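Chemist: Input: one structure, supplied below.
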Amino acid sequence: MSRRPLIREVPPTSWFFRHPRYLRYMAREVTSVFVGAYCVLLVIAMQRLSAGPIAWQEFLGALRSPASIIFHLVAMAAAFYHAGTWFNATQKAMPLQIGEEFVPGAYISGAHYLVWAVLSLVVLYVAGVF
């Protein structure tokens, strides 16, 4: 008696279009690419700053280009989506129990949003916006 080997079907690369939950998951994963690219931009900025005032001014000039402005807007939208989905996931990933009762998930997510807003205001104050 011979046995036929198990051959598994290779799933298509569009598997995440089958369900809205999978699509949201993949959208969140894609936003991390923009967050990482912005981190690389910050490292380049530090390198240009350390190279001297002329290199820094050239870097600032490049940041004023339309492509750079579009990249910053897309990266900001990606960072907002990434942070928002993470804050909403914390209530599931980190349930907080006090005594016998669990803290409602809205309180956990709300605390994250509140701290985000307060820290954003602090950064804007330190930057001289207010």
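How things are named: the first chain in the structure tokens is A, the next is B, and so on; residues count from 1 in each chain; ligands count from 1 in the order shown.
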Excluding range 28-40 of chain A and residues on its chain fewer than 5 positions from it, collect all residues at most 9 Å away from it, counting only C-alpha atoms, and give them as a short mmCIF file (atom, residue, chain, number, x, y, z; two decimals) with N, CA, C and O atoms, in the first residue's frame.
Modeler:
data_model
loop_
_atom_site.label_atom_id
_atom_site.label_comp_id
_atom_site.auth_asym_id
_atom_site.auth_seq_id
_atom_site.Cartn_x
_atom_site.Cartn_y
_atom_site.Cartn_z
N LEU A 23 -8.21 42.76 6.84
CA LEU A 23 -7.82 43.97 6.13
C LEU A 23 -7.35 45.05 7.11
O LEU A 23 -6.34 45.73 6.87
N ALA A 45 18.39 63.13 9.88
CA ALA A 45 18.41 64.51 10.36
C ALA A 45 19.51 64.71 11.41
O ALA A 45 20.22 65.73 11.37
N PHE A 71 4.94 63.13 2.19
CA PHE A 71 5.41 62.01 3.01
C PHE A 71 5.09 62.26 4.48
O PHE A 71 4.65 61.35 5.19
N HIS A 72 5.32 63.49 4.96
CA HIS A 72 5.05 63.78 6.37
C HIS A 72 3.57 63.65 6.69
O HIS A 72 3.21 63.17 7.77
N VAL A 74 1.37 61.68 5.12
CA VAL A 74 1.05 60.25 5.10
C VAL A 74 1.60 59.56 6.34
O VAL A 74 0.92 58.73 6.97
N ALA A 75 2.83 59.91 6.72
CA ALA A 75 3.44 59.31 7.91
C ALA A 75 2.67 59.70 9.18
O ALA A 75 2.50 58.87 10.08
N MET A 76 2.17 60.94 9.23
CA MET A 76 1.40 61.36 10.40
C MET A 76 0.07 60.60 10.47
O MET A 76 -0.33 60.13 11.54
N ALA A 77 -0.60 60.46 9.32
CA ALA A 77 -1.85 59.70 9.30
C ALA A 77 -1.59 58.24 9.69
O ALA A 77 -2.37 57.64 10.45
N ALA A 78 -0.50 57.67 9.20
CA ALA A 78 -0.15 56.29 9.54
C ALA A 78 0.15 56.16 11.03
O ALA A 78 -0.26 55.19 11.68
N ALA A 79 0.85 57.13 11.59
CA ALA A 79 1.18 57.09 13.02
C ALA A 79 -0.09 57.20 13.86
O ALA A 79 -0.23 56.51 14.88
N TYR A 81 -3.15 56.27 12.96
CA TYR A 81 -3.88 55.01 12.83
C TYR A 81 -3.20 53.91 13.65
O TYR A 81 -3.86 53.14 14.35
N HIS A 82 -1.87 53.85 13.56
CA HIS A 82 -1.11 52.83 14.28
C HIS A 82 -1.31 52.98 15.79
O HIS A 82 -1.55 52.00 16.50
N THR A 85 -5.04 52.12 16.82
CA THR A 85 -5.32 50.69 16.86
C THR A 85 -4.60 50.02 18.03
O THR A 85 -5.11 49.07 18.61
N TRP A 86 -3.42 50.51 18.35
CA TRP A 86 -2.71 49.93 19.49
C TRP A 86 -3.43 50.25 20.80
O TRP A 86 -3.60 49.38 21.66
#
Chemist: When DSSP works through the backbone of this structure, what residues of chain A end up as strand (DSSP E or B), shown as a PyMOL selection string?
Modeler: chain A and resi 97-98+101-102
Chemist: Would you compute the distance between CA of Val129 in chain A and CA of Tyr113 in chain A? Give it in Å to one decimal.
Modeler: 21.0 Å
Chemist: Write down as a PyMOL selection string the residues of chain A whose backbone DSSP state falls under alpha helix (DSSP H).
Modeler: chain A and resi 20-51+53-63+66-93+105-126
